[in-house]
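Quick look at run-v4.txt (compact mmCIF, C-alpha atoms and all ligand atoms):
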# COMPACT_ATOMS: atom_id res chain seq x y z
CA MET A 95 -107.81 -123.95 70.17
CA ALA A 96 -110.05 -125.46 72.88
CA GLU A 97 -108.80 -126.01 76.43
CA PRO A 98 -107.53 -129.55 77.18
CA GLU A 99 -110.24 -130.01 79.89
CA PHE A 100 -112.90 -129.13 77.36
CA GLN A 101 -111.48 -131.63 74.88
CA THR A 102 -111.52 -134.34 77.55
CA ALA A 103 -115.13 -133.49 78.49
CA ARG A 104 -116.13 -133.60 74.87
CA ALA A 105 -114.43 -136.95 74.28
CA GLU A 106 -116.17 -138.36 77.38
CA ALA A 107 -119.57 -137.07 76.26
CA GLU A 108 -119.11 -138.54 72.81
CA ALA A 109 -118.08 -141.93 74.20
CA TRP A 110 -120.99 -142.06 76.68
CA LYS A 111 -123.61 -144.74 76.18
CA SER A 112 -126.97 -144.78 77.94
CA PRO A 113 -127.77 -147.85 80.06
CA TYR A 114 -130.19 -148.93 77.32
CA GLU A 115 -127.47 -148.64 74.65
CA GLN A 116 -125.07 -150.59 76.90
CA TRP A 117 -127.68 -153.31 77.37
CA LYS A 118 -128.25 -153.63 73.61
CA GLY A 119 -124.47 -153.82 73.13
CA SER A 120 -124.23 -156.60 75.71
CA GLU A 121 -126.86 -158.57 73.76
CA GLY A 122 -124.51 -158.48 70.76
CA LEU A 123 -127.06 -157.18 68.24
CA PRO A 124 -126.73 -154.17 65.93
CA THR A 125 -129.33 -151.37 65.87
CA ILE A 126 -131.15 -150.09 62.80
CA ARG A 127 -131.82 -146.33 62.87
CA GLY A 128 -133.34 -143.78 60.50
CA TYR A 129 -136.95 -142.93 59.63
CA PHE A 130 -138.06 -146.08 57.98
CA ILE A 131 -137.63 -149.80 57.24
CA ARG A 132 -138.66 -150.77 53.72
CA ASP A 133 -139.54 -154.42 54.44
CA LEU A 134 -139.41 -156.04 57.87
CA LEU A 135 -139.15 -159.48 56.23
CA ASP A 136 -136.00 -158.50 54.32
CA VAL A 137 -134.02 -157.20 57.28
CA GLU A 138 -130.89 -159.22 57.97
CA LEU A 139 -130.69 -160.62 61.51
CA THR A 140 -127.76 -161.50 63.77
CA PRO A 141 -127.55 -164.58 66.04
CA TRP A 142 -128.98 -163.66 69.45
CA GLU A 143 -127.24 -166.03 71.87
CA SER A 144 -129.12 -165.07 75.05
CA ARG A 145 -132.52 -165.61 73.40
CA GLY A 146 -131.69 -168.62 71.23
CA GLY A 147 -132.72 -167.04 67.92
CA ALA A 148 -131.65 -164.17 65.70
CA GLY A 149 -132.57 -160.51 65.91
CA VAL A 150 -131.88 -156.84 65.44
CA PHE A 151 -132.81 -153.79 67.51
CA VAL A 152 -134.66 -150.94 65.82
CA ASN A 153 -134.53 -147.36 67.13
CA LEU A 154 -136.38 -145.29 64.55
CA GLU A 155 -135.93 -141.53 64.60
CA GLY A 156 -139.55 -140.83 65.53
CA THR A 157 -139.47 -142.73 68.81
CA GLY A 158 -137.32 -140.15 70.60
CA GLY A 159 -136.29 -142.79 73.15
CA PHE A 160 -139.92 -143.31 74.22
CA ASN A 161 -140.02 -146.93 72.98
CA ASP A 162 -138.23 -149.26 70.58
CA THR A 163 -138.83 -152.30 68.45
CA TYR A 164 -136.82 -155.37 67.68
CA ILE A 165 -137.20 -157.98 64.97
CA CYS A 166 -136.69 -161.58 66.02
CA GLU A 167 -136.61 -164.91 64.29
CA ILE A 168 -137.24 -168.25 66.02
CA PRO A 169 -135.37 -171.10 64.31
CA PRO A 170 -137.44 -173.93 62.76
CA GLY A 171 -138.90 -176.27 65.39
CA ARG A 172 -137.13 -174.46 68.26
CA SER A 173 -138.05 -172.43 71.33
CA LEU A 174 -136.50 -169.17 72.50
CA GLN A 175 -135.26 -168.88 76.08
CA PRO A 176 -137.86 -168.00 78.72
CA ILE A 177 -137.63 -164.35 79.79
CA ARG A 178 -139.43 -161.77 81.89
CA HIS A 179 -139.00 -158.01 82.22
CA ILE A 180 -140.89 -155.22 83.94
CA TYR A 181 -141.36 -153.24 80.70
CA GLU A 182 -144.30 -153.66 78.36
CA GLU A 183 -143.94 -155.65 75.16
CA THR A 184 -146.37 -156.09 72.27
CA ALA A 185 -145.67 -158.50 69.41
CA PHE A 186 -146.94 -158.78 65.84
CA VAL A 187 -146.22 -161.96 63.87
CA LEU A 188 -144.76 -161.27 60.41
CA LYS A 189 -144.22 -164.86 59.29
CA GLY A 190 -144.69 -168.43 60.44
CA ARG A 191 -146.68 -170.33 63.03
CA GLY A 192 -145.94 -170.95 66.67
CA ALA A 193 -147.03 -170.76 70.28
CA THR A 194 -146.18 -168.76 73.37
CA SER A 195 -146.25 -169.95 76.98
CA VAL A 196 -146.87 -167.35 79.67
CA TRP A 197 -146.75 -167.86 83.43
CA LEU A 198 -146.15 -166.31 86.81
CA ASP A 199 -143.87 -167.94 89.40
CA GLY A 200 -145.79 -170.70 91.22
CA LYS A 201 -148.73 -170.64 88.77
CA PRO A 202 -149.46 -172.97 85.84
CA LYS A 203 -148.24 -172.12 82.35
CA GLN A 204 -150.75 -171.17 79.72
CA THR A 205 -149.92 -171.58 76.06
CA PHE A 206 -151.60 -169.98 73.07
CA GLU A 207 -150.99 -170.47 69.37
CA TRP A 208 -150.29 -167.79 66.79
CA GLN A 209 -149.65 -167.39 63.08
CA GLU A 210 -148.85 -164.71 60.53
CA GLN A 211 -150.89 -161.54 61.36
CA SER A 212 -151.42 -162.51 65.03
CA TYR A 213 -151.01 -159.70 67.56
CA PHE A 214 -150.65 -159.89 71.33
CA SER A 215 -149.16 -158.24 74.35
CA VAL A 216 -147.29 -160.03 77.12
CA PRO A 217 -148.17 -158.59 80.57
CA PRO A 218 -145.21 -156.83 82.22
CA ASN A 219 -142.98 -159.13 84.26
CA ALA A 220 -144.82 -162.34 83.34
CA TRP A 221 -142.48 -165.11 82.19
CA TYR A 222 -142.90 -165.96 78.51
CA GLN A 223 -141.38 -168.31 76.00
CA HIS A 224 -141.95 -168.33 72.24
CA HIS A 225 -141.97 -171.60 70.27
CA ASN A 226 -141.80 -172.15 66.52
CA VAL A 227 -144.00 -175.19 65.79
CA VAL A 228 -142.98 -175.45 62.12
CA GLY A 229 -140.04 -177.74 61.48
CA ASP A 230 -138.63 -176.28 58.30
CA GLU A 231 -139.30 -172.51 58.35
CA PRO A 232 -138.23 -169.79 60.78
CA ALA A 233 -140.97 -167.67 62.42
CA ARG A 234 -140.42 -163.90 62.50
CA TYR A 235 -142.08 -161.25 64.66
CA VAL A 236 -141.63 -157.57 65.39
CA ALA A 237 -142.10 -156.41 68.98
CA MET A 238 -142.54 -152.91 70.38
CA THR A 239 -141.25 -152.40 73.91
CA ALA A 240 -140.78 -149.74 76.59
CA ALA A 241 -137.20 -150.95 77.21
CA PRO A 242 -135.43 -147.62 76.45
CA ARG A 243 -137.25 -145.51 79.00
CA VAL A 244 -137.48 -148.26 81.64
CA ILE A 245 -133.80 -149.27 81.44
CA ASP A 246 -132.63 -145.64 81.30
CA THR A 247 -134.81 -144.73 84.29
CA PHE A 248 -133.83 -147.56 86.66
CA LYS A 249 -130.29 -148.11 85.34
CA ASN A 250 -130.21 -151.59 86.84
CA LEU A 251 -130.68 -154.73 84.71
CA GLU A 252 -131.36 -156.92 87.77
CA PHE A 253 -134.33 -154.71 88.62
CA VAL A 254 -135.62 -154.80 85.03
CA PHE A 255 -135.03 -158.49 84.19
CA ASN A 256 -135.04 -160.27 87.56
CA ASN A 257 -137.67 -158.61 89.69
CA PRO A 258 -140.22 -160.59 91.75
CA PHE A 259 -142.92 -157.90 91.60
CA VAL A 260 -146.25 -159.12 90.18
CA PHE A 261 -148.42 -156.58 88.35
CA THR A 262 -151.70 -158.08 89.61
CA ASP A 263 -153.65 -155.22 88.03
CA ARG A 264 -152.52 -156.54 84.63
CA PHE A 265 -152.42 -160.33 84.99
CA THR A 266 -152.81 -162.81 87.83
CA GLY A 267 -152.35 -165.97 85.75
CA GLU A 268 -156.09 -166.21 85.10
CA ASP A 269 -157.28 -168.86 82.61
CA GLY A 270 -158.28 -167.83 79.12
CA TYR A 271 -156.31 -164.58 79.27
CA PHE A 272 -154.94 -165.15 75.76
CA LEU A 273 -158.16 -166.30 74.12
CA GLU A 274 -159.36 -163.80 71.53
CA ALA A 275 -162.22 -161.97 73.27
CA PRO A 276 -165.56 -161.49 71.53
CA ARG A 277 -165.76 -158.04 70.04
CA ASP A 278 -168.94 -156.65 71.45
CA GLY A 279 -170.20 -153.12 71.18
CA LYS A 280 -170.08 -151.26 67.89
CA ARG A 281 -168.04 -148.40 69.39
CA GLY A 282 -164.97 -148.11 71.53
CA PRO A 283 -161.84 -150.23 71.81
CA TRP A 284 -161.80 -154.00 71.62
CA HIS A 285 -160.73 -155.42 74.99
CA THR A 286 -158.71 -158.49 74.13
CA ASN A 287 -155.17 -159.69 74.90
CA PHE A 288 -154.82 -161.65 71.69
CA VAL A 289 -155.89 -161.09 68.08
CA ALA A 290 -155.57 -164.16 65.84
CA ASP A 291 -155.49 -162.22 62.54
CA VAL A 292 -155.28 -158.42 62.53
CA MET A 293 -156.03 -158.19 58.80
CA GLU A 294 -159.22 -160.24 59.10
CA ALA A 295 -160.31 -158.58 62.36
CA SER A 296 -159.80 -155.10 60.89
CA GLN A 297 -161.97 -155.83 57.85
CA ARG A 298 -164.70 -157.73 59.70
CA ARG A 299 -166.95 -154.73 60.14
CA GLY A 300 -166.65 -152.61 57.02
CA PRO A 301 -166.37 -148.82 57.17
CA VAL A 302 -166.30 -147.57 60.75
CA ASP A 303 -167.22 -143.92 60.52
CA ARG A 304 -168.40 -141.11 58.32
CA ALA A 305 -165.90 -139.80 55.75
CA GLY A 306 -163.32 -137.54 57.36
CA GLY A 307 -164.49 -138.43 60.89
CA TRP A 308 -162.27 -139.64 63.73
CA ASN A 309 -160.36 -141.97 61.42
CA ARG A 310 -159.53 -139.02 59.12
CA ALA A 311 -160.31 -141.20 56.09
CA ILE A 312 -162.85 -142.07 53.42
CA GLY A 313 -164.08 -145.68 53.54
CA GLY A 314 -162.16 -146.00 56.78
CA PHE A 315 -162.08 -149.33 58.59
CA GLY A 316 -160.04 -150.92 61.35
CA ALA A 317 -160.06 -151.76 65.02
CA SER A 318 -158.74 -150.23 68.19
CA PHE A 319 -157.19 -152.68 70.62
CA ALA A 320 -157.10 -152.39 74.41
CA MET A 321 -154.75 -155.10 75.69
CA VAL A 322 -153.34 -156.21 79.06
CA ASN A 323 -156.37 -155.11 81.04
CA SER A 324 -156.74 -152.09 78.85
CA THR A 325 -153.34 -150.60 79.71
CA VAL A 326 -151.85 -151.09 76.23
CA ARG A 327 -153.70 -149.27 73.45
CA SER A 328 -153.13 -149.48 69.72
CA HIS A 329 -155.15 -149.55 66.51
CA SER A 330 -155.31 -150.61 62.91
CA SER A 331 -156.54 -148.31 60.17
CA GLY A 332 -157.54 -148.86 56.57
CA TRP A 333 -158.98 -146.61 53.90
CA ALA A 334 -160.32 -146.63 50.36
CA VAL A 335 -158.78 -146.71 46.89
CA GLY A 336 -158.14 -143.23 45.43
CA THR A 337 -158.15 -141.46 48.81
CA TYR A 338 -155.84 -140.21 51.53
CA LYS A 339 -156.18 -139.34 55.19
CA LYS A 340 -156.09 -135.92 56.83
CA ALA A 341 -152.78 -134.83 58.35
CA HIS A 342 -152.44 -134.85 62.13
CA ARG A 343 -149.74 -134.93 64.81
CA HIS A 344 -149.19 -136.48 68.23
CA GLY A 345 -146.61 -137.94 70.60
CA PRO A 346 -143.66 -140.19 69.69
CA GLY A 347 -143.29 -143.91 69.17
CA ILE A 348 -146.30 -145.01 67.13
CA HIS A 349 -144.84 -147.68 64.84
CA ILE A 350 -146.85 -147.94 61.64
CA VAL A 351 -146.56 -151.36 60.01
CA ILE A 352 -148.15 -151.60 56.56
CA LEU A 353 -150.20 -154.79 56.32
CA LYS A 354 -151.72 -154.23 52.91
CA GLY A 355 -151.48 -151.82 50.00
CA ARG A 356 -148.99 -149.31 48.62
CA GLY A 357 -148.60 -145.59 48.93
CA TYR A 358 -146.63 -142.87 50.62
CA SER A 359 -146.64 -140.73 53.73
CA LEU A 360 -145.58 -137.12 54.17
CA MET A 361 -144.13 -136.10 57.54
CA TRP A 362 -143.08 -132.60 58.57
CA GLN A 363 -142.61 -130.30 61.47
CA GLU A 364 -144.57 -127.06 61.20
CA GLY A 365 -142.71 -124.75 58.81
CA GLN A 366 -139.97 -127.32 58.06
CA PRO A 367 -139.18 -129.36 54.93
CA VAL A 368 -141.37 -132.39 54.20
CA GLU A 369 -140.00 -135.96 54.43
CA ARG A 370 -141.63 -138.43 52.06
CA ILE A 371 -141.72 -142.17 52.72
CA ASP A 372 -142.79 -144.62 50.02
CA TRP A 373 -144.19 -147.80 51.51
CA GLY A 374 -145.60 -151.23 50.73
CA PRO A 375 -146.39 -154.43 52.65
CA ASN A 376 -144.24 -154.87 55.80
CA SER A 377 -142.79 -151.35 55.70
CA MET A 378 -142.44 -149.73 59.14
CA PHE A 379 -142.00 -146.08 60.11
CA VAL A 380 -142.65 -143.75 63.05
CA PRO A 381 -143.89 -140.15 62.70
CA PRO A 382 -141.75 -138.10 65.11
CA GLU A 383 -143.33 -136.24 68.05
CA MET A 384 -145.28 -133.15 66.97
CA TRP A 385 -144.59 -133.79 63.28
CA PHE A 386 -147.62 -133.65 61.05
CA HIS A 387 -148.03 -136.81 59.03
CA GLN A 388 -150.40 -137.78 56.25
CA HIS A 389 -150.94 -141.17 54.60
CA PHE A 390 -151.77 -141.57 50.88
CA ASN A 391 -153.10 -144.73 49.20
CA THR A 392 -151.84 -144.94 45.60
CA ALA A 393 -152.74 -148.57 44.85
CA PRO A 394 -155.84 -150.02 43.19
CA GLU A 395 -156.81 -151.68 46.51
CA PRO A 396 -157.58 -150.41 50.01
CA THR A 397 -154.66 -149.83 52.39
CA LEU A 398 -154.38 -151.19 55.93
CA PHE A 399 -151.79 -150.49 58.60
CA LEU A 400 -151.28 -151.52 62.19
CA ALA A 401 -150.08 -148.72 64.48
CA ILE A 402 -148.16 -150.30 67.37
CA GLY A 403 -147.65 -147.80 70.15
CA TRP A 404 -149.42 -146.47 73.19
CA GLY A 405 -151.92 -144.18 71.56
CA SER A 406 -150.68 -140.68 72.20
CA ASP A 407 -149.68 -141.63 75.71
CA LYS A 408 -147.00 -139.01 76.13
CA PRO A 409 -148.74 -135.70 76.86
CA LYS A 410 -148.31 -132.76 74.57
CA ALA A 411 -145.92 -130.07 75.86
CA GLY A 412 -147.60 -128.32 78.78
CA GLY A 413 -149.25 -131.54 79.99
CA LYS A 414 -152.13 -131.34 77.51
CA GLN A 415 -153.65 -134.00 75.28
CA TYR A 416 -153.64 -133.74 71.50
CA VAL A 417 -156.98 -132.59 70.11
CA TYR A 418 -158.06 -133.74 66.66
CA VAL A 419 -159.83 -130.61 65.53
CA SER A 420 -158.54 -128.17 62.93
CA THR A 421 -155.27 -126.35 63.52
CA LYS A 422 -157.34 -123.22 62.85
CA GLU A 423 -159.15 -123.93 66.13
CA GLY A 424 -155.88 -124.62 67.93
CA GLY A 425 -156.06 -128.39 67.29
CA ASP A 426 -153.65 -130.98 65.86
CA GLN A 427 -155.32 -131.89 62.58
CA ILE A 428 -155.19 -130.23 59.15
CA GLU A 429 -158.53 -130.32 57.35
CA TRP A 430 -158.41 -131.26 53.65
CA GLY A 431 -159.48 -127.74 52.66
CA ASP A 432 -156.57 -126.19 54.60
CA GLU A 433 -153.89 -128.20 52.83
CA ASP A 434 -151.20 -126.77 50.62
CA PRO A 435 -152.94 -127.08 47.21
CA THR A 436 -149.93 -128.94 45.77
CA THR A 437 -150.69 -131.89 48.10
CA HIS A 438 -153.86 -132.84 46.26
CA ARG A 439 -152.47 -132.01 42.81
CA GLU A 440 -149.45 -134.26 43.35
CA TYR A 441 -151.63 -137.05 44.71
CA GLU A 442 -153.92 -137.03 41.67
CA ALA A 443 -150.88 -137.05 39.34
CA GLU A 444 -149.32 -139.90 41.27
CA ILE A 445 -152.36 -142.20 41.25
CA ALA A 446 -153.04 -141.46 37.57
CA ARG A 447 -149.75 -143.22 36.83
CA ASN A 448 -151.23 -146.34 38.53
CA GLY A 449 -154.49 -146.05 36.57
CA VAL A 450 -156.38 -145.04 39.73
CA GLU A 451 -158.86 -142.14 39.79
CA CYS A 452 -159.21 -139.86 42.78
CA GLN A 453 -162.31 -140.76 44.79
CA MET A 454 -162.24 -137.80 47.17
CA GLY A 455 -164.75 -135.85 45.07
CA ASP A 456 -167.07 -133.74 47.20
CA HIS A 457 -165.05 -134.47 50.34
CA HIS A 458 -162.09 -132.47 49.08
CA PRO A 459 -162.43 -128.88 47.85
CA PHE A 460 -159.43 -129.23 45.48
CA CYS A 461 -160.55 -132.51 43.91
CA THR A 462 -160.90 -132.47 40.10
CA HIS A 463 -163.16 -135.58 40.06
CA THR A 464 -166.78 -135.76 41.12
FE FE A 501 -150.67 -140.64 63.62
ZN ZN A 502 -159.09 -135.58 43.88

This structure in structure tokens:
Amino acid sequence: MAEPEFQTARAEAEAWKSPYEQWKGSEGLPTIRGYFIRDLLDVELTPWESRGGAGVFVNLEGTGGFNDTYICEIPPGRSLQPIRHIYEETAFVLKGRGATSVWLDGKPKQTFEWQEQSYFSVPPNAWYQHHNVVGDEPARYVAMTAAPRVIDTFKNLEFVFNNPFVFTDRFTGEDGYFLEAPRDGKRGPWHTNFVADVMEASQRRGPVDRAGGWNRAIGGFGASFAMVNSTVRSHSSGWAVGTYKKAHRHGPGIHIVILKGRGYSLMWQEGQPVERIDWGPNSMFVPPEMWFHQHFNTAPEPTLFLAIGWGSDKPKAGGKQYVYVSTKEGGDQIEWGDEDPTTHREYEAEIARNGVECQMGDHHPFCTHT
């Protein structure tokens, strides 16, 4: 039998809650955990008194405490409470139409309008207030934030939520900050702080690269977004019917939200069992740090997802960056030809059930179609 002191220490450790967990508790909302949310629009929300709406916190397995998301609904015709915080926050609108006012103390407010599929990032520590402009329908958004690591680092809610510091390198209250910027230059990220319609913007340009290139796809399309003076990076990614992407791995916290299409993803740690996630519109999941993951389109239409995170911001162990060359060359990507042969066989069997033929042909050495 264990010593009494050990039992006390164990009980204390088990009862301990991080400052971030305590903060969530004080907001009165539950937390959804696990690998995956089937449909962000179906998730039940709880009244969120301090914000004036309803919400739920989401801490998916793959974030490892690096970031979080929450889902929030703004009641019909109402505004949420104004708020500011020193951590980053990026929002994607799932449903409805509204507007957001953003301001710094002593500077004029600026207000921009949004709708379903809009995407924007609020600069750290700027005041903001969300409004639902529709009188008979709630508006719902999902936001990704750095709250877990910021609150757990500073351990002081006054410092996080009531701090006069102005991040002038991000935002000085300048006019037009939340106008969608023109997307010039064929290559490189799109520097804008607001995207009116991610789905439309991602499809505007057609395929973005050669098959199997940096987007790891065939018929790949999408956009990479550099927001808040280029400090917040994320991207969307789409690919063709009858195809799937190459597997790769990176840091934690990239929240994949499916905008269009149906399919599945495989996620695994080297040498460990494979987790399979079946997804459709408004599914969300996070590949855990250093887990390979691979996305398969099984539907008779192209797939598109939005990956809300900070690129692969957290360095690989040893302070390195991830390198998207073959694992055979020491990189973090598995070429199609190096896959377990069952991967392609199962994919072809799966899409055949949907009446879709594999289009990987010459790009994939195991493909039975040409
Ligand atoms: Fe990824
Ligand atoms: Zn094939």

(message) Env of segment 221-230 of chain A: 8 Å cut, atoms = only C-alpha atoms, seq-sep filter 5 positions within chain, self excluded. Answer as a VMD selection string.
(response) chain A and resid 168 to 179 190 to 199 216

(message) For segment 309-322 of chain A, find every residue with an atom within 7 Å (counting only C-alpha atoms), except residues of its own chain fewer than 4 positions away, and show them as an NGL selection string.
(response) :A and (215 or 217 or 264 or 283-287 or 296-297 or 300-303 or 305 or 326-334 or 337-340)

Mind running chain A against ligand FE 501 (chain A) at 8 Å and telling me each contacting residue's nearest atom pair with the distance in Å (one decimal), counting all atoms listed in the file, chain and number ascending, as a Markdown table?
| residue | atom | partner | partner_atom | distance |
| --- | --- | --- | --- | --- |
| A:His342 | CA | A:FE501 | FE | 6.2 |
| A:Arg343 | CA | A:FE501 | FE | 5.9 |
| A:His344 | CA | A:FE501 | FE | 6.4 |
| A:Ile348 | CA | A:FE501 | FE | 7.1 |
| A:Pro381 | CA | A:FE501 | FE | 6.9 |
| A:His387 | CA | A:FE501 | FE | 6.5 |
| A:Gln388 | CA | A:FE501 | FE | 7.9 |

(request) Provide the atom CA of Ala290 of chain A to atom CA of Val187 of chain A distance in Å, to one decimal place. (result) 9.8 Å

Could you list, as a JSON list (two decimals) with C-alpha atoms, in the frame of the given file, all residues that come within 8 Å of ligand ZN 502 (chain A)? Count only C-alpha atoms and all ligand atoms.
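Saved to selection_15.json:
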[["chain", "number", "residue", "atom", "x", "y", "z"],
["A", 336, "GLY", "CA", -158.14, -143.23, 45.43],
["A", 337, "THR", "CA", -158.15, -141.46, 48.81],
["A", 438, "HIS", "CA", -153.86, -132.84, 46.26],
["A", 439, "ARG", "CA", -152.47, -132.01, 42.81],
["A", 441, "TYR", "CA", -151.63, -137.05, 44.71],
["A", 442, "GLU", "CA", -153.92, -137.03, 41.67],
["A", 451, "GLU", "CA", -158.86, -142.14, 39.79],
["A", 452, "CYS", "CA", -159.21, -139.86, 42.78],
["A", 453, "GLN", "CA", -162.31, -140.76, 44.79],
["A", 454, "MET", "CA", -162.24, -137.80, 47.17],
["A", 455, "GLY", "CA", -164.75, -135.85, 45.07],
["A", 458, "HIS", "CA", -162.09, -132.47, 49.08],
["A", 460, "PHE", "CA", -159.43, -129.23, 45.48],
["A", 461, "CYS", "CA", -160.55, -132.51, 43.91],
["A", 462, "THR", "CA", -160.90, -132.47, 40.10],
["A", 463, "HIS", "CA", -163.16, -135.58, 40.06]]

(request) Give as a ChimeraX atom specification each residue that has an atom at most 7 Å from (-143.7, -144.0, 48.0) in the file, counting only C-alpha atoms. (result) /A:357-358,371-373

(request) For Thr184 of chain A, please output as a ChimeraX atom specification all residues within 6 Å (counting only C-alpha atoms; exclusion window: fewer than 4 positions along the same chain). (result) /A:214-215,237-238

(message) Given only C-alpha atoms as the basis, pick out the residue of A:Ser212, A:Thr397, A:Thr437, A:Asn323 nearest to Val335 of chain A.
(response) A:Thr397

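Distance annotation: of A:Gly431, A:Gly159, A:Phe379, A:Val368, the residue with the minimal separation from His457 of chain A is A:Gly431; atom set is only C-alpha atoms.
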
Write out N, CA, C and O atoms for segment 368-382 of chain A, as a compact mmCIF listing (two decimals), keeping the file's coordinate frame.
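Below you can see selection_38.txt, which holds the result:
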# COMPACT_ATOMS: atom_id res chain seq x y z
N VAL A 368 -140.54 -131.19 54.11
CA VAL A 368 -141.37 -132.39 54.20
C VAL A 368 -140.51 -133.63 53.87
O VAL A 368 -139.76 -133.63 52.90
N GLU A 369 -140.62 -134.66 54.72
CA GLU A 369 -140.00 -135.96 54.43
C GLU A 369 -141.05 -136.83 53.76
O GLU A 369 -142.19 -136.90 54.23
N ARG A 370 -140.69 -137.51 52.69
CA ARG A 370 -141.63 -138.43 52.06
C ARG A 370 -141.12 -139.86 52.22
O ARG A 370 -139.94 -140.14 52.01
N ILE A 371 -142.05 -140.75 52.57
CA ILE A 371 -141.72 -142.17 52.72
C ILE A 371 -142.62 -142.95 51.78
O ILE A 371 -143.84 -142.81 51.82
N ASP A 372 -142.01 -143.77 50.92
CA ASP A 372 -142.79 -144.62 50.02
C ASP A 372 -142.85 -146.01 50.63
O ASP A 372 -141.83 -146.58 50.95
N TRP A 373 -144.07 -146.53 50.79
CA TRP A 373 -144.19 -147.80 51.51
C TRP A 373 -145.02 -148.84 50.76
O TRP A 373 -145.73 -148.54 49.80
N GLY A 374 -144.85 -150.08 51.23
CA GLY A 374 -145.60 -151.23 50.73
C GLY A 374 -145.72 -152.23 51.87
O GLY A 374 -145.36 -151.91 53.01
N PRO A 375 -146.19 -153.44 51.59
CA PRO A 375 -146.39 -154.43 52.65
C PRO A 375 -145.13 -154.64 53.49
O PRO A 375 -144.03 -154.74 52.95
N ASN A 376 -145.31 -154.65 54.81
CA ASN A 376 -144.24 -154.87 55.80
C ASN A 376 -143.25 -153.72 55.92
O ASN A 376 -142.17 -153.89 56.47
N SER A 377 -143.58 -152.54 55.39
CA SER A 377 -142.79 -151.35 55.70
C SER A 377 -143.14 -150.91 57.13
O SER A 377 -144.26 -151.14 57.60
N MET A 378 -142.18 -150.26 57.80
CA MET A 378 -142.44 -149.73 59.14
C MET A 378 -141.81 -148.35 59.27
O MET A 378 -140.67 -148.16 58.87
N PHE A 379 -142.55 -147.41 59.85
CA PHE A 379 -142.00 -146.08 60.11
C PHE A 379 -142.72 -145.46 61.31
O PHE A 379 -143.77 -145.94 61.73
N VAL A 380 -142.11 -144.40 61.85
CA VAL A 380 -142.65 -143.75 63.05
C VAL A 380 -142.70 -142.23 62.81
O VAL A 380 -141.64 -141.61 62.64
N PRO A 381 -143.86 -141.62 62.79
CA PRO A 381 -143.89 -140.15 62.70
C PRO A 381 -143.34 -139.55 64.00
O PRO A 381 -143.78 -139.89 65.09
N PRO A 382 -142.32 -138.67 63.89
CA PRO A 382 -141.75 -138.10 65.11
C PRO A 382 -142.75 -137.21 65.88
O PRO A 382 -143.72 -136.71 65.31
